[in-house]
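Chemist: This is the content of protein38.txt (compact mmCIF, C-alpha atoms and all ligand atoms):
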```
# COMPACT_ATOMS: atom_id res chain seq x y z
CA MET Y 114 6.87 3.74 -14.33
CA ASP Y 115 6.87 7.27 -12.98
CA ASP Y 116 5.30 9.67 -10.51
CA VAL Y 117 2.79 7.48 -8.59
CA SER Y 118 0.28 10.27 -9.01
CA TRP Y 119 -2.49 8.09 -7.55
CA LYS Y 120 -4.69 11.10 -6.78
CA SER Y 121 -5.12 11.68 -10.52
CA ILE Y 122 -7.07 8.41 -10.82
CA PRO Y 123 -10.81 9.13 -10.34
CA GLU Y 124 -11.74 8.04 -6.85
CA ASP Y 125 -14.57 5.72 -7.84
CA ARG Y 126 -12.20 3.69 -10.04
CA ARG Y 127 -9.02 4.07 -8.02
CA SER Y 128 -8.93 0.85 -6.09
CA SER Y 129 -9.57 -1.46 -9.05
CA ALA Y 130 -7.30 0.63 -11.30
CA GLU Y 131 -4.40 0.36 -8.88
CA GLU Y 132 -4.87 -3.37 -8.51
CA ARG Y 133 -4.89 -3.80 -12.27
CA LEU Y 134 -1.79 -1.64 -12.73
CA LEU Y 135 0.28 -3.87 -10.49
CA ALA Y 136 -1.27 -7.09 -11.80
CA SER Y 137 -0.70 -6.17 -15.44
CA LEU Y 138 3.07 -6.31 -14.97
CA GLY Y 139 2.81 -10.02 -14.26
CA LYS Y 140 6.29 -11.45 -13.80
CA THR Y 141 8.01 -8.40 -15.32
CA ARG Y 142 10.04 -6.53 -12.70
CA ALA Y 143 9.62 -2.78 -13.07
CA PHE Y 144 11.19 0.31 -11.53
CA LEU Y 145 8.69 2.67 -9.92
CA PHE Y 146 10.15 6.18 -9.78
CA ALA Y 147 8.09 7.85 -7.08
CA VAL Y 148 7.59 11.57 -6.51
CA GLY Y 149 8.10 12.04 -2.76
CA GLU Y 150 5.07 14.24 -2.09
CA ASN Y 151 2.75 11.81 -3.91
CA VAL Y 152 3.63 8.96 -1.59
CA ASP Y 153 4.33 10.86 1.63
CA ASN Y 154 0.94 9.73 3.00
CA ARG Y 155 -0.82 6.54 4.10
CA HIS Y 156 -2.15 5.58 0.67
CA GLY Y 157 1.20 6.19 -1.04
CA ALA Y 158 2.92 4.14 1.62
CA ASP Y 159 0.56 1.22 0.90
CA ILE Y 160 1.41 1.41 -2.79
CA LEU Y 161 5.16 1.35 -2.18
CA THR Y 162 4.81 -1.52 0.28
CA ARG Y 163 2.79 -3.55 -2.19
CA TRP Y 164 5.13 -2.86 -5.10
CA SER Y 165 8.18 -3.68 -2.99
CA SER Y 166 6.59 -6.96 -1.86
CA ALA Y 167 5.83 -7.83 -5.47
CA GLY Y 168 9.56 -7.58 -6.26
CA HIS Y 169 9.58 -4.21 -8.03
CA HIS Y 170 12.16 -1.57 -7.28
CA ILE Y 171 11.45 1.94 -6.05
CA GLY Y 172 13.48 4.84 -7.42
CA ASN Y 173 13.77 8.55 -6.57
CA HIS Y 174 11.97 11.10 -8.78
CA THR Y 175 12.44 14.20 -6.51
CA TYR Y 176 10.06 15.36 -3.79
CA SER Y 177 7.90 17.75 -5.82
CA HIS Y 178 8.60 16.95 -9.50
CA ILE Y 179 9.87 20.40 -10.46
CA PRO Y 180 12.02 19.87 -13.57
CA LEU Y 181 15.64 20.97 -13.62
CA ALA Y 182 14.90 23.88 -15.95
CA GLY Y 183 13.72 27.42 -15.59
CA LYS Y 184 14.33 28.98 -12.21
CA THR Y 185 15.18 25.90 -10.16
CA THR Y 186 18.74 26.03 -8.88
CA PRO Y 187 20.81 22.83 -8.63
CA GLU Y 188 20.87 23.32 -4.85
CA GLU Y 189 17.05 23.41 -4.60
CA PHE Y 190 16.88 20.44 -6.91
CA GLU Y 191 19.31 18.45 -4.76
CA THR Y 192 17.35 19.29 -1.61
CA GLY Y 193 14.29 17.79 -3.33
CA ILE Y 194 16.18 14.60 -4.12
CA MET Y 195 17.36 14.14 -0.55
CA ARG Y 196 13.92 14.95 0.83
CA ALA Y 197 12.40 12.27 -1.42
CA GLU Y 198 15.04 9.79 -0.28
CA GLY Y 199 13.90 10.37 3.32
CA VAL Y 200 10.41 9.24 2.27
CA LEU Y 201 11.44 6.35 0.03
CA ASP Y 202 14.39 4.64 1.68
CA LYS Y 203 12.34 2.74 4.23
CA TYR Y 204 10.85 0.48 1.58
CA SER Y 205 12.57 -2.80 0.78
CA GLY Y 206 12.33 -2.07 -2.94
CA PHE Y 207 14.21 1.23 -2.70
CA ARG Y 208 17.39 1.50 -4.77
CA ARG Y 209 19.55 4.58 -5.38
CA TRP Y 210 18.35 5.20 -8.91
CA PHE Y 211 17.21 8.63 -9.92
CA ARG Y 212 14.95 9.77 -12.73
CA PHE Y 213 14.95 13.43 -13.77
CA PRO Y 214 11.43 14.96 -13.95
CA ALA Y 215 10.41 15.43 -17.61
CA LEU Y 216 13.87 13.95 -18.44
CA LYS Y 217 15.41 17.42 -18.14
CA GLU Y 218 19.01 17.00 -16.93
CA GLY Y 219 20.28 20.59 -17.02
CA GLN Y 220 20.07 23.53 -19.39
CA THR Y 221 23.81 24.29 -19.24
CA ARG Y 222 26.99 22.22 -19.09
CA GLU Y 223 27.71 23.56 -15.60
CA VAL Y 224 24.37 22.47 -14.17
CA ARG Y 225 24.45 19.13 -16.01
CA ASP Y 226 27.94 18.28 -14.75
CA HIS Y 227 27.16 19.53 -11.27
CA MET Y 228 24.20 17.14 -11.11
CA ARG Y 229 26.22 14.24 -12.49
CA SER Y 230 28.80 14.76 -9.72
CA PHE Y 231 26.08 15.09 -7.09
CA LEU Y 232 24.41 11.84 -8.12
CA ALA Y 233 27.76 10.01 -8.22
CA LEU Y 234 28.67 11.38 -4.78
CA PHE Y 235 25.48 9.95 -3.27
CA ASP Y 236 25.77 6.66 -5.17
CA TYR Y 237 22.82 7.34 -7.42
CA ARG Y 238 22.56 6.09 -10.95
CA ASN Y 239 20.49 7.74 -13.64
CA GLY Y 240 17.35 5.73 -14.40
CA ALA Y 241 17.55 6.77 -18.03
CA VAL Y 242 14.78 6.12 -20.52
CA THR Y 243 15.49 4.79 -24.00
CA ILE Y 244 11.89 4.79 -25.24
CA ASP Y 245 10.20 8.03 -24.31
CA ALA Y 246 6.53 8.66 -25.09
CA SER Y 247 3.58 10.84 -24.11
CA ASP Y 248 1.34 8.39 -22.29
CA TRP Y 249 0.77 11.12 -19.69
CA TYR Y 250 -0.92 13.24 -22.37
CA TYR Y 251 -3.12 10.37 -23.60
CA ASN Y 252 -4.14 9.91 -19.96
CA GLN Y 253 -4.90 13.62 -19.61
CA ARG Y 254 -7.11 13.53 -22.69
CA LEU Y 255 -8.86 10.38 -21.49
CA LEU Y 256 -9.65 11.95 -18.11
CA ALA Y 257 -10.94 15.12 -19.79
CA ARG Y 258 -13.19 13.06 -22.07
CA MET Y 259 -14.56 11.03 -19.17
CA LYS Y 260 -15.31 14.21 -17.26
CA LEU Y 261 -17.27 15.62 -20.19
CA ASP Y 262 -19.23 12.46 -20.85
CA ASP Y 263 -20.15 9.96 -18.15
CA ALA Y 264 -20.98 7.31 -20.71
CA PHE Y 265 -17.72 7.67 -22.64
CA ASP Y 266 -16.19 4.29 -23.43
CA SER Y 267 -12.50 4.42 -22.50
CA ALA Y 268 -11.81 1.55 -24.92
CA HIS Y 269 -11.69 4.20 -27.68
CA PHE Y 270 -8.25 5.13 -26.40
CA ARG Y 271 -6.85 1.63 -26.59
CA GLU Y 272 -5.80 1.50 -30.22
CA PRO Y 273 -4.46 5.09 -30.49
CA TYR Y 274 -2.43 4.58 -27.31
CA LEU Y 275 -1.01 1.23 -28.44
CA ASN Y 276 -0.16 2.74 -31.82
CA HIS Y 277 1.63 5.63 -30.14
CA ILE Y 278 3.77 3.38 -27.93
CA TRP Y 279 4.60 1.05 -30.80
CA ASP Y 280 5.49 3.97 -33.05
CA ARG Y 281 7.83 5.47 -30.42
CA ALA Y 282 9.43 2.07 -29.70
CA GLN Y 283 10.13 1.57 -33.40
CA TYR Y 284 11.54 5.07 -33.68
CA TYR Y 285 13.97 4.81 -30.75
CA ASP Y 286 15.01 1.27 -31.60
CA GLN Y 287 15.80 2.28 -35.17
CA LEU Y 288 17.67 5.36 -33.92
CA SER Y 289 19.68 3.13 -31.57
CA ARG Y 290 20.69 0.89 -34.47
CA GLU Y 291 21.77 3.93 -36.49
CA VAL Y 292 23.70 5.61 -33.67
CA LEU Y 293 25.13 2.62 -31.78
CA GLY Y 294 25.02 -0.01 -34.50
CA ARG Y 295 22.81 -2.18 -32.30
CA SER Y 296 19.57 -2.40 -30.42
CA VAL Y 297 19.83 -1.97 -26.65
CA ALA Y 298 18.04 -3.33 -23.58
CA HIS Y 299 15.26 -0.76 -23.71
CA THR Y 300 13.60 1.03 -20.83
CA LEU Y 301 10.09 2.25 -21.63
CA LEU Y 302 8.72 5.23 -19.75
CA VAL Y 303 5.07 5.00 -18.69
CA HIS Y 304 3.20 6.58 -15.81
CA TYR Y 305 1.14 5.39 -12.87
CA ASN Y 306 -2.24 6.48 -14.17
CA LEU Y 307 -5.71 5.43 -15.24
CA LEU Y 308 -4.68 4.94 -18.88
CA ASN Y 309 -2.09 2.33 -17.95
CA SER Y 310 -4.42 0.64 -15.50
CA LEU Y 311 -6.64 0.04 -18.53
CA PHE Y 312 -4.08 -0.73 -21.22
CA LEU Y 313 -0.62 -1.54 -19.85
CA GLY Y 314 -1.42 -5.24 -20.07
CA ASP Y 315 -2.32 -4.75 -23.74
CA VAL Y 316 0.88 -2.75 -24.33
CA LEU Y 317 2.98 -5.58 -22.92
CA SER Y 318 1.08 -8.19 -24.95
CA MET Y 319 1.53 -6.11 -28.08
CA PHE Y 320 5.32 -6.08 -27.71
CA ARG Y 321 5.32 -9.84 -27.11
CA ALA Y 322 3.16 -10.43 -30.17
CA LYS Y 323 5.62 -8.39 -32.23
CA GLY Y 324 8.57 -10.46 -31.07
CA TRP Y 325 9.94 -8.37 -28.20
CA GLY Y 326 10.74 -10.00 -24.86
CA TYR Y 327 10.96 -8.78 -21.26
CA ILE Y 328 13.82 -8.64 -18.81
CA GLY Y 329 13.81 -7.17 -15.32
CA ALA Y 330 14.66 -3.50 -14.85
CA ASP Y 331 17.91 -4.52 -13.11
CA GLU Y 332 19.05 -6.54 -16.07
CA ALA Y 333 18.04 -3.81 -18.51
CA PHE Y 334 20.08 -1.18 -16.65
CA ASP Y 335 23.11 -3.50 -16.90
CA ASP Y 336 23.31 -2.69 -20.61
CA PRO Y 337 26.53 -0.64 -21.01
CA VAL Y 338 24.56 2.06 -22.83
CA PHE Y 339 23.33 3.22 -19.40
CA LYS Y 340 26.90 4.15 -18.44
CA ARG Y 341 27.07 6.70 -21.25
CA LEU Y 342 27.06 10.41 -20.37
CA PRO Y 343 26.15 12.23 -23.57
CA ASP Y 344 27.70 15.64 -24.07
CA THR Y 345 24.61 17.61 -25.05
CA VAL Y 346 22.83 20.75 -23.80
CA PRO Y 347 20.08 21.10 -22.91
CA ALA Y 348 20.87 17.70 -21.36
CA GLY Y 349 18.33 14.94 -21.10
CA GLU Y 350 15.50 13.47 -23.22
CA SER Y 351 15.67 9.80 -24.18
CA LEU Y 352 19.21 8.49 -23.75
CA ILE Y 353 19.16 7.30 -27.37
CA TRP Y 354 18.00 10.75 -28.50
CA ALA Y 355 20.86 12.39 -26.56
CA LEU Y 356 23.45 9.98 -27.96
CA ALA Y 357 22.19 10.73 -31.46
CA LYS Y 358 22.31 14.47 -30.77
CA GLU Y 359 25.86 14.19 -29.46
CA THR Y 360 27.13 12.84 -32.79
CA GLY Y 361 25.95 15.98 -34.61
CA LYS Y 362 24.85 13.75 -37.49
CA PHE Y 363 21.13 13.66 -36.80
CA ASP Y 364 20.30 17.32 -36.37
CA GLY Y 365 17.82 17.35 -39.23
CA LYS Y 366 16.07 14.30 -37.81
CA LEU Y 367 15.79 15.09 -34.12
CA ARG Y 368 12.91 17.17 -32.85
CA TYR Y 369 13.09 18.98 -29.50
CA PRO Y 370 11.66 18.11 -27.11
CA GLY Y 371 11.87 14.48 -28.19
CA GLU Y 372 8.34 13.83 -26.98
CA ASP Y 373 5.59 16.21 -26.02
CA SER Y 374 1.86 16.85 -26.14
CA VAL Y 375 2.26 19.14 -29.16
CA TYR Y 376 3.01 16.12 -31.36
CA GLU Y 377 0.08 14.09 -30.03
CA LYS Y 378 -2.63 16.74 -29.83
CA PRO Y 379 -3.34 16.72 -33.59
CA VAL Y 380 -3.51 12.91 -33.57
CA LEU Y 381 -6.13 12.80 -30.81
CA ASP Y 382 -7.99 15.85 -32.18
CA LYS Y 383 -8.34 14.14 -35.53
CA LEU Y 384 -9.75 11.04 -33.87
CA GLY Y 385 -12.24 13.18 -31.95
CA LEU Y 386 -10.76 12.01 -28.64
ZN ZN F 401 7.66 12.36 -13.78
```
Kindly return the structure encoded in the file as structure tokens.
Modeler:
Amino acid sequence: MDDVSWKSIPEDRRSSAEERLLASLGKTRAFLFAVGENVDNRHGADILTRWSSAGHHIGNHTYSHIPLAGKTTPEEFETGIMRAEGVLDKYSGFRRWFRFPALKEGQTREVRDHMRSFLALFDYRNGAVTIDASDWYYNQRLLARMKLDDAFDSAHFREPYLNHIWDRAQYYDQLSREVLGRSVAHTLLVHYNLLNSLFLGDVLSMFRAKGWGYIGADEAFDDPVFKRLPDTVPAGESLIWALAKETGKFDGKLRYPGEDSVYEKPVLDKLGL
């Protein structure tokens, strides 16, 4: 779960939403990749303390969430990683795992390899995602709808959101079987937001009902697939996507970016959401 953008949750619902988010994980042990500036304050500190006490791990997601693309230099990017570490490493749940903002790992081979060396030098591992999705966009649309209409029933988002996650899980699992000849221990990317405070419990139940099981984030990252360093540029996206891209055999099948709001906007527009 990424970002810990707690300020994006409407204030009047924040406290109950945050309680539900944590509670909905139940016994599943997650990795919370925190953006330093989001938690560099009293409220953020409380969140990280609570999640650490509940047995979840805390990972590094840079200080200000500027993706490694565009004008950011690797040096600025690295400064942001170390600055975030200074905020995060006091929590018992902190582990040296890093997640690239927007899963962008470098636009050129030079930058990509430079970052890989940097992370290795500081004992960081890449908290790669196998199942990428656009829950952040569903959340954005939900918030916009609620702002427009006080009486809007957020339950309207439940089914479209569950369908989206299930569809993406099926896609990446199938791609994994085609590329690697097997399924993997999947890591699903979701965000700390209102949408998941409402429906993460339902997402987890849905997977269970469809025959999937849960393992802790530690155990998932033990899958050897997470040691792979795909040779692709631009680097990043879902790890399964990148491994497929690297083979050169799926070019007609792989969209870029792998996930984005542009694919989901028509779906939600059509539903009037
Ligand atoms: Zn993020």
Chemist: If the limit is 10 Å from any atom of ligand ZN 401 (chain F), counting all atoms listed in the file, which residues qualify? Return them as a list in words.
Modeler: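 Based on all atoms listed in the file, ligand ZN 401 (chain F) is surrounded within 10 Å by Met114, Asp115, Asp116, Val117, Ser118, Phe146, Ala147, Val148, His174, Thr175, Ser177, His178, Ile179, Pro180, Arg212, Phe213, Pro214, Ala215, Leu216, Trp249, Leu302, Val303, His304 and Tyr305 of chain Y.
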Chemist: So how many Å separate CA of Glu218 (chain Y) and CA of Val242 (chain Y), to one decimal?
Modeler: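 Taking CA of Glu218 (chain Y) as the start and CA of Val242 (chain Y) as the end point, the length is 12.2 Å.
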Chemist: Which of these residues is nearest to Thr345 (chain Y), using all atoms listed in the file: Y:Lys217, Y:Arg238, Y:Arg127, Y:Lys140?
Modeler: Y:Lys217
Chemist: What separation in Å, quoted to one decimal, exists between CA of Asn276 (chain Y) and CA of Lys383 (chain Y)?
Modeler: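 Pair CA of Asn276 (chain Y) / CA of Lys383 (chain Y) returns 14.5 Å.
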Chemist: Env of region 119-125 of chain Y: 9 Å cut, atoms = all atoms listed in the file, seq-sep filter 3 positions within chain, self excluded. Answer as a list in words.
Modeler: Asp116, Ser128, Ser129, Ala130, Glu131, Asn151, Val152, His156, Gly157, Leu256, Tyr305, Asn306 and Leu307 of chain Y
Chemist: Grab the CA of Gly139 (chain Y) to CA of Arg126 (chain Y) distance for me, in Å with one decimal place.
Modeler: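 About the pair CA of Gly139 (chain Y) and CA of Arg126 (chain Y): they are 20.8 Å apart.
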Chemist: For a quick check of understanding, using only C-alpha atoms, which of Y:Ala136, Y:Asn239, Y:Asn252, Y:Phe231 has the smallest distance to Asn173 (chain Y)?
Modeler: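 Looking at the shortest contact to Asn173 (chain Y), the residue is Y:Asn239.
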Chemist: Skip Ser247 (chain Y) itself and residues of its chain fewer than 4 positions away, then list as number ranges by chain all residues within 7 Å of it, counting all atoms listed in the file.
Modeler: Y: 251, 372-374
Chemist: Give the answer as one residue: which of Y:Leu317, Y:Ile244, Y:Leu181, Y:Leu261 has the shortest atom-to-atom distance to Arg281 (chain Y), using all atoms listed in the file?
Modeler: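 Among Y:Leu317, Y:Ile244, Y:Leu181, Y:Leu261, it is Y:Ile244 that comes nearest to Arg281 (chain Y).
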Chemist: Which residue gives the smallest distance to Thr162 (chain Y) among Y:Val338, Y:Ile278, Y:Leu134, Y:Leu201, with all atoms listed in the file counted?
Modeler: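 Among the listed residues, Y:Leu201 lies closest to Thr162 (chain Y).
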Chemist: Can you work out which one of Y:Gly361, Y:Pro370, Y:Gly314, Y:Gly183 has the shortest atom-to-atom distance to Leu275 (chain Y), counting only C-alpha atoms?
Modeler: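 Nearest candidate to Leu275 (chain Y) out of Y:Gly361, Y:Pro370, Y:Gly314, Y:Gly183: Y:Gly314.
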